[in-house]
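Q: A single structure is presented below for examination.
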Amino acid sequence: SKAGVIGMTKAVAREMASRGITCNAVAPGFIHTAMTDALSEELRAAMVKQIAMGRCGEVEEIAGVVSFLASKDASYVTGQVIEISGGLSM
């Protein structure tokens, strides 16, 4: 499903670019939420160990990137998948 979202993001971006409409995707990594709080301490520690920054992300960090993408500052950004994972996939 992730590949489908990426493909759709790029297709929509290409289709709408001539109309001045941008389309981007945000791909969050391991984010501190009520859902992750429900995980065992051992599982959380194992996940954090894989993250280059050594910590979970915060929802505010995701919101900041989404806010940027919705702003005029990102008017020339389209068809991109922005990973916010603290270096999880490096």
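Ordering of the structure tokens sets the chain letters (A, B, ...), residue numbers begin anew at 1 in every chain, and ligands are numbered from 1 in the order given.
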When you look at A:Val5 with a cut-off of 12 Å (counting only C-alpha atoms), what residues show up, excluding the ones that are within fewer than 5 positions of it in the same chain? I need them as a list of chain:residue names.
A: A:Lys10, A:Ala11, A:Val12, A:Ala13, A:Cys23, A:Asn24, A:Ala25, A:Val26, A:Ala27, A:Gly79, A:Gln80, A:Val81
Q: Can you pull out every residue within 12 Å of A:Ser75, counting only C-alpha atoms, but drop anything in the same chain fewer than 2 positions away, and send it as a ChimeraX atom specification?
A: /A:17,20-24,68-73,77-79
Q: For A:Pro28, please output as an MDAnalysis selection string all residues within 7 Å (counting only C-alpha atoms; exclusion window: fewer than 5 positions along the same chain).
A: chainID A and resid 83:85
Q: At a cut-off of 10 Å, using only C-alpha atoms, what residues contact stretch 38-54 of chain A? Leave out same-chain residues fewer than 6 positions from it and give the result as a PyMOL selection string.
A: chain A and resi 29-30+32+85-90
Q: Work out how far apart atom CA of A:Met16 and atom CA of A:Ile62 are and give it in Å to one decimal.
A: 24.4 Å
Q: If DSSP is run on the backbone, what residues of chain A are alpha helix (DSSP H)? A reply as a PyMOL selection string would be ideal.
A: chain A and resi 2-16+34-37+41-49+59-69
Q: May I have the selected residues written with N, CA, C and O atoms, as a short mmCIF file (atom, residue, chain, number, x, y, z; two decimals), in the first residue's frame?
A:
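Wrote again_35.cif, looks like this:
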data_model
loop_
_atom_site.label_atom_id
_atom_site.label_comp_id
_atom_site.auth_asym_id
_atom_site.auth_seq_id
_atom_site.Cartn_x
_atom_site.Cartn_y
_atom_site.Cartn_z
N LYS A 2 2.04 1.18 0.62
CA LYS A 2 2.92 2.35 0.66
C LYS A 2 3.36 2.73 -0.75
O LYS A 2 3.38 3.91 -1.11
N ALA A 3 3.69 1.73 -1.56
CA ALA A 3 4.10 2.00 -2.95
C ALA A 3 2.94 2.61 -3.74
O ALA A 3 3.15 3.47 -4.60
N GLY A 4 1.73 2.18 -3.44
CA GLY A 4 0.55 2.74 -4.11
C GLY A 4 0.37 4.21 -3.77
O GLY A 4 0.06 5.02 -4.65
N VAL A 5 0.56 4.57 -2.51
CA VAL A 5 0.44 5.98 -2.10
C VAL A 5 1.52 6.82 -2.78
O VAL A 5 1.26 7.92 -3.26
N ILE A 6 2.73 6.29 -2.84
CA ILE A 6 3.83 7.01 -3.49
C ILE A 6 3.53 7.21 -4.97
O ILE A 6 3.68 8.32 -5.50
N GLY A 7 3.08 6.16 -5.64
CA GLY A 7 2.74 6.26 -7.06
C GLY A 7 1.61 7.24 -7.30
O GLY A 7 1.64 8.04 -8.24
N MET A 8 0.58 7.18 -6.45
CA MET A 8 -0.55 8.11 -6.59
C MET A 8 -0.10 9.55 -6.36
O MET A 8 -0.52 10.46 -7.08
N THR A 9 0.76 9.76 -5.38
CA THR A 9 1.27 11.11 -5.09
C THR A 9 1.97 11.69 -6.32
O THR A 9 1.71 12.83 -6.72
N LYS A 10 2.82 10.90 -6.94
CA LYS A 10 3.56 11.38 -8.10
C LYS A 10 2.65 11.58 -9.31
O LYS A 10 2.80 12.57 -10.05
N ALA A 11 1.67 10.70 -9.49
CA ALA A 11 0.73 10.85 -10.61
C ALA A 11 -0.14 12.09 -10.44
O ALA A 11 -0.33 12.86 -11.40
N VAL A 12 -0.66 12.30 -9.25
CA VAL A 12 -1.48 13.49 -9.00
C VAL A 12 -0.64 14.75 -9.14
O VAL A 12 -1.10 15.75 -9.71
N ALA A 13 0.58 14.72 -8.63
CA ALA A 13 1.47 15.89 -8.75
C ALA A 13 1.69 16.25 -10.21
O ALA A 13 1.62 17.43 -10.59
N ARG A 14 1.95 15.26 -11.03
CA ARG A 14 2.19 15.51 -12.45
C ARG A 14 0.92 16.05 -13.13
O ARG A 14 0.98 16.99 -13.92
N GLU A 15 -0.21 15.47 -12.80
CA GLU A 15 -1.49 15.86 -13.41
C GLU A 15 -1.89 17.28 -13.02
O GLU A 15 -2.42 18.03 -13.83
N MET A 16 -1.66 17.67 -11.79
CA MET A 16 -2.16 18.95 -11.28
C MET A 16 -1.15 20.09 -11.35
O MET A 16 -1.51 21.25 -11.15
N ALA A 34 -0.31 7.79 21.61
CA ALA A 34 -0.98 6.86 22.53
C ALA A 34 -0.81 5.43 22.04
O ALA A 34 -0.69 4.50 22.85
N MET A 35 -0.78 5.24 20.73
CA MET A 35 -0.62 3.90 20.18
C MET A 35 0.76 3.32 20.54
O MET A 35 0.87 2.17 20.94
N THR A 36 1.81 4.12 20.42
CA THR A 36 3.14 3.61 20.76
C THR A 36 3.32 3.49 22.27
O THR A 36 4.10 2.65 22.72
N ASP A 37 2.59 4.28 23.04
CA ASP A 37 2.64 4.15 24.50
C ASP A 37 2.11 2.80 24.95
O ASP A 37 2.49 2.29 26.01
N GLU A 41 7.77 -1.85 26.87
CA GLU A 41 9.00 -1.07 26.96
C GLU A 41 10.11 -1.72 26.13
O GLU A 41 10.90 -1.03 25.48
N GLU A 42 10.14 -3.05 26.11
CA GLU A 42 11.16 -3.77 25.35
C GLU A 42 11.02 -3.50 23.85
O GLU A 42 12.01 -3.28 23.14
N LEU A 43 9.78 -3.54 23.36
CA LEU A 43 9.53 -3.30 21.93
C LEU A 43 9.87 -1.85 21.56
O LEU A 43 10.51 -1.60 20.54
N ARG A 44 9.46 -0.90 22.40
CA ARG A 44 9.80 0.51 22.13
C ARG A 44 11.31 0.70 22.11
O ARG A 44 11.84 1.38 21.23
N ALA A 45 12.01 0.10 23.05
CA ALA A 45 13.47 0.23 23.11
C ALA A 45 14.12 -0.36 21.87
O ALA A 45 15.08 0.20 21.33
N ALA A 46 13.60 -1.48 21.40
CA ALA A 46 14.14 -2.11 20.18
C ALA A 46 13.93 -1.22 18.97
O ALA A 46 14.81 -1.11 18.10
N MET A 47 12.78 -0.57 18.88
CA MET A 47 12.50 0.33 17.76
C MET A 47 13.42 1.56 17.81
O MET A 47 14.01 1.94 16.81
N VAL A 48 13.52 2.16 18.98
CA VAL A 48 14.35 3.36 19.13
C VAL A 48 15.81 3.06 18.81
O VAL A 48 16.52 3.89 18.24
N LYS A 49 16.26 1.86 19.11
CA LYS A 49 17.63 1.45 18.83
C LYS A 49 17.94 1.51 17.33
O LYS A 49 19.08 1.72 16.93
N VAL A 59 4.57 14.32 17.52
CA VAL A 59 3.54 14.71 16.55
C VAL A 59 3.76 16.14 16.06
O VAL A 59 3.46 16.45 14.90
N GLU A 60 4.31 17.00 16.89
CA GLU A 60 4.57 18.38 16.49
C GLU A 60 5.59 18.45 15.36
O GLU A 60 5.54 19.37 14.52
N GLU A 61 6.50 17.50 15.33
CA GLU A 61 7.51 17.46 14.27
C GLU A 61 6.87 17.09 12.93
O GLU A 61 7.26 17.60 11.88
N ILE A 62 5.89 16.23 12.96
CA ILE A 62 5.13 15.89 11.75
C ILE A 62 4.31 17.09 11.33
O ILE A 62 4.30 17.48 10.16
N ALA A 63 3.64 17.71 12.28
CA ALA A 63 2.79 18.87 11.99
C ALA A 63 3.60 20.00 11.37
O ALA A 63 3.11 20.71 10.47
N GLY A 64 4.83 20.20 11.81
CA GLY A 64 5.67 21.26 11.25
C GLY A 64 5.94 21.05 9.77
O GLY A 64 5.90 21.99 8.98
N VAL A 65 6.22 19.82 9.39
CA VAL A 65 6.48 19.53 7.98
C VAL A 65 5.20 19.69 7.16
O VAL A 65 5.22 20.27 6.07
N VAL A 66 4.08 19.21 7.69
CA VAL A 66 2.80 19.37 6.99
C VAL A 66 2.47 20.85 6.84
O VAL A 66 2.02 21.29 5.77
N SER A 67 2.71 21.63 7.88
CA SER A 67 2.47 23.08 7.82
C SER A 67 3.33 23.73 6.73
O SER A 67 2.84 24.56 5.96
N PHE A 68 4.59 23.32 6.65
CA PHE A 68 5.47 23.82 5.59
C PHE A 68 4.90 23.47 4.21
O PHE A 68 4.81 24.34 3.33
N LEU A 69 4.52 22.22 4.02
CA LEU A 69 4.01 21.79 2.71
C LEU A 69 2.73 22.52 2.32
O LEU A 69 2.47 22.71 1.13
#
Q: Looking only at strand (DSSP E or B) from DSSP on the backbone, list the matching residues of stretch 5-87 of chain A as a VMD selection string.
A: chain A and resid 25 to 28 31 to 32 57 to 58 81 to 84
Q: Suppose we keep N, CA, C and O atoms; can you now write the selection as a PDB file, in the first residue's frame?
A:
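File result.pdb, as written:
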ATOM      1  N   ALA A  25       3.539  13.674  -0.236  1.00  0.00           N
ATOM      2  CA  ALA A  25       3.177  12.712   0.799  1.00  0.00           C
ATOM      3  C   ALA A  25       4.132  12.852   1.974  1.00  0.00           C
ATOM      4  O   ALA A  25       5.304  13.171   1.797  1.00  0.00           O
ATOM      5  N   VAL A  26       3.616  12.607   3.153  1.00  0.00           N
ATOM      6  CA  VAL A  26       4.418  12.614   4.368  1.00  0.00           C
ATOM      7  C   VAL A  26       4.474  11.176   4.875  1.00  0.00           C
ATOM      8  O   VAL A  26       3.447  10.519   5.015  1.00  0.00           O
ATOM      9  N   ALA A  27       5.690  10.685   5.131  1.00  0.00           N
ATOM     10  CA  ALA A  27       5.890   9.309   5.591  1.00  0.00           C
ATOM     11  C   ALA A  27       6.539   9.331   6.973  1.00  0.00           C
ATOM     12  O   ALA A  27       7.759   9.354   7.099  1.00  0.00           O
ATOM     13  N   PRO A  28       5.722   9.336   8.022  1.00  0.00           N
ATOM     14  CA  PRO A  28       6.289   9.375   9.365  1.00  0.00           C
ATOM     15  C   PRO A  28       6.892   8.037   9.767  1.00  0.00           C
ATOM     16  O   PRO A  28       6.453   6.981   9.330  1.00  0.00           O
ATOM     17  N   ILE A  31       6.579   7.405  15.774  1.00  0.00           N
ATOM     18  CA  ILE A  31       6.166   8.663  16.397  1.00  0.00           C
ATOM     19  C   ILE A  31       5.539   8.381  17.759  1.00  0.00           C
ATOM     20  O   ILE A  31       4.734   7.454  17.905  1.00  0.00           O
ATOM     21  N   HIS A  32       5.892   9.180  18.758  1.00  0.00           N
ATOM     22  CA  HIS A  32       5.363   9.029  20.106  1.00  0.00           C
ATOM     23  C   HIS A  32       3.884   9.426  20.122  1.00  0.00           C
ATOM     24  O   HIS A  32       3.544  10.598  19.949  1.00  0.00           O
ATOM     25  N   GLY A  57       9.910  10.242  17.249  1.00  0.00           N
ATOM     26  CA  GLY A  57       9.499  11.571  16.828  1.00  0.00           C
ATOM     27  C   GLY A  57       8.296  12.029  17.623  1.00  0.00           C
ATOM     28  O   GLY A  57       7.628  11.225  18.281  1.00  0.00           O
ATOM     29  N   GLU A  58       8.017  13.287  17.557  1.00  0.00           N
ATOM     30  CA  GLU A  58       6.848  13.867  18.227  1.00  0.00           C
ATOM     31  C   GLU A  58       5.853  14.342  17.171  1.00  0.00           C
ATOM     32  O   GLU A  58       6.252  14.728  16.067  1.00  0.00           O
ATOM     33  N   VAL A  81       7.962  12.590  -1.548  1.00  0.00           N
ATOM     34  CA  VAL A  81       7.613  11.838  -0.343  1.00  0.00           C
ATOM     35  C   VAL A  81       8.603  12.280   0.727  1.00  0.00           C
ATOM     36  O   VAL A  81       9.802  12.041   0.608  1.00  0.00           O
ATOM     37  N   ILE A  82       8.102  12.960   1.745  1.00  0.00           N
ATOM     38  CA  ILE A  82       8.949  13.495   2.802  1.00  0.00           C
ATOM     39  C   ILE A  82       8.929  12.495   3.960  1.00  0.00           C
ATOM     40  O   ILE A  82       7.911  12.310   4.613  1.00  0.00           O
ATOM     41  N   GLU A  83      10.054  11.839   4.172  1.00  0.00           N
ATOM     42  CA  GLU A  83      10.160  10.893   5.277  1.00  0.00           C
ATOM     43  C   GLU A  83      10.581  11.650   6.535  1.00  0.00           C
ATOM     44  O   GLU A  83      11.554  12.407   6.514  1.00  0.00           O
ATOM     45  N   ILE A  84       9.840  11.437   7.615  1.00  0.00           N
ATOM     46  CA  ILE A  84      10.138  12.068   8.894  1.00  0.00           C
ATOM     47  C   ILE A  84      10.333  10.929   9.880  1.00  0.00           C
ATOM     48  O   ILE A  84       9.395  10.489  10.549  1.00  0.00           O
TER      49      ILE A  84
END
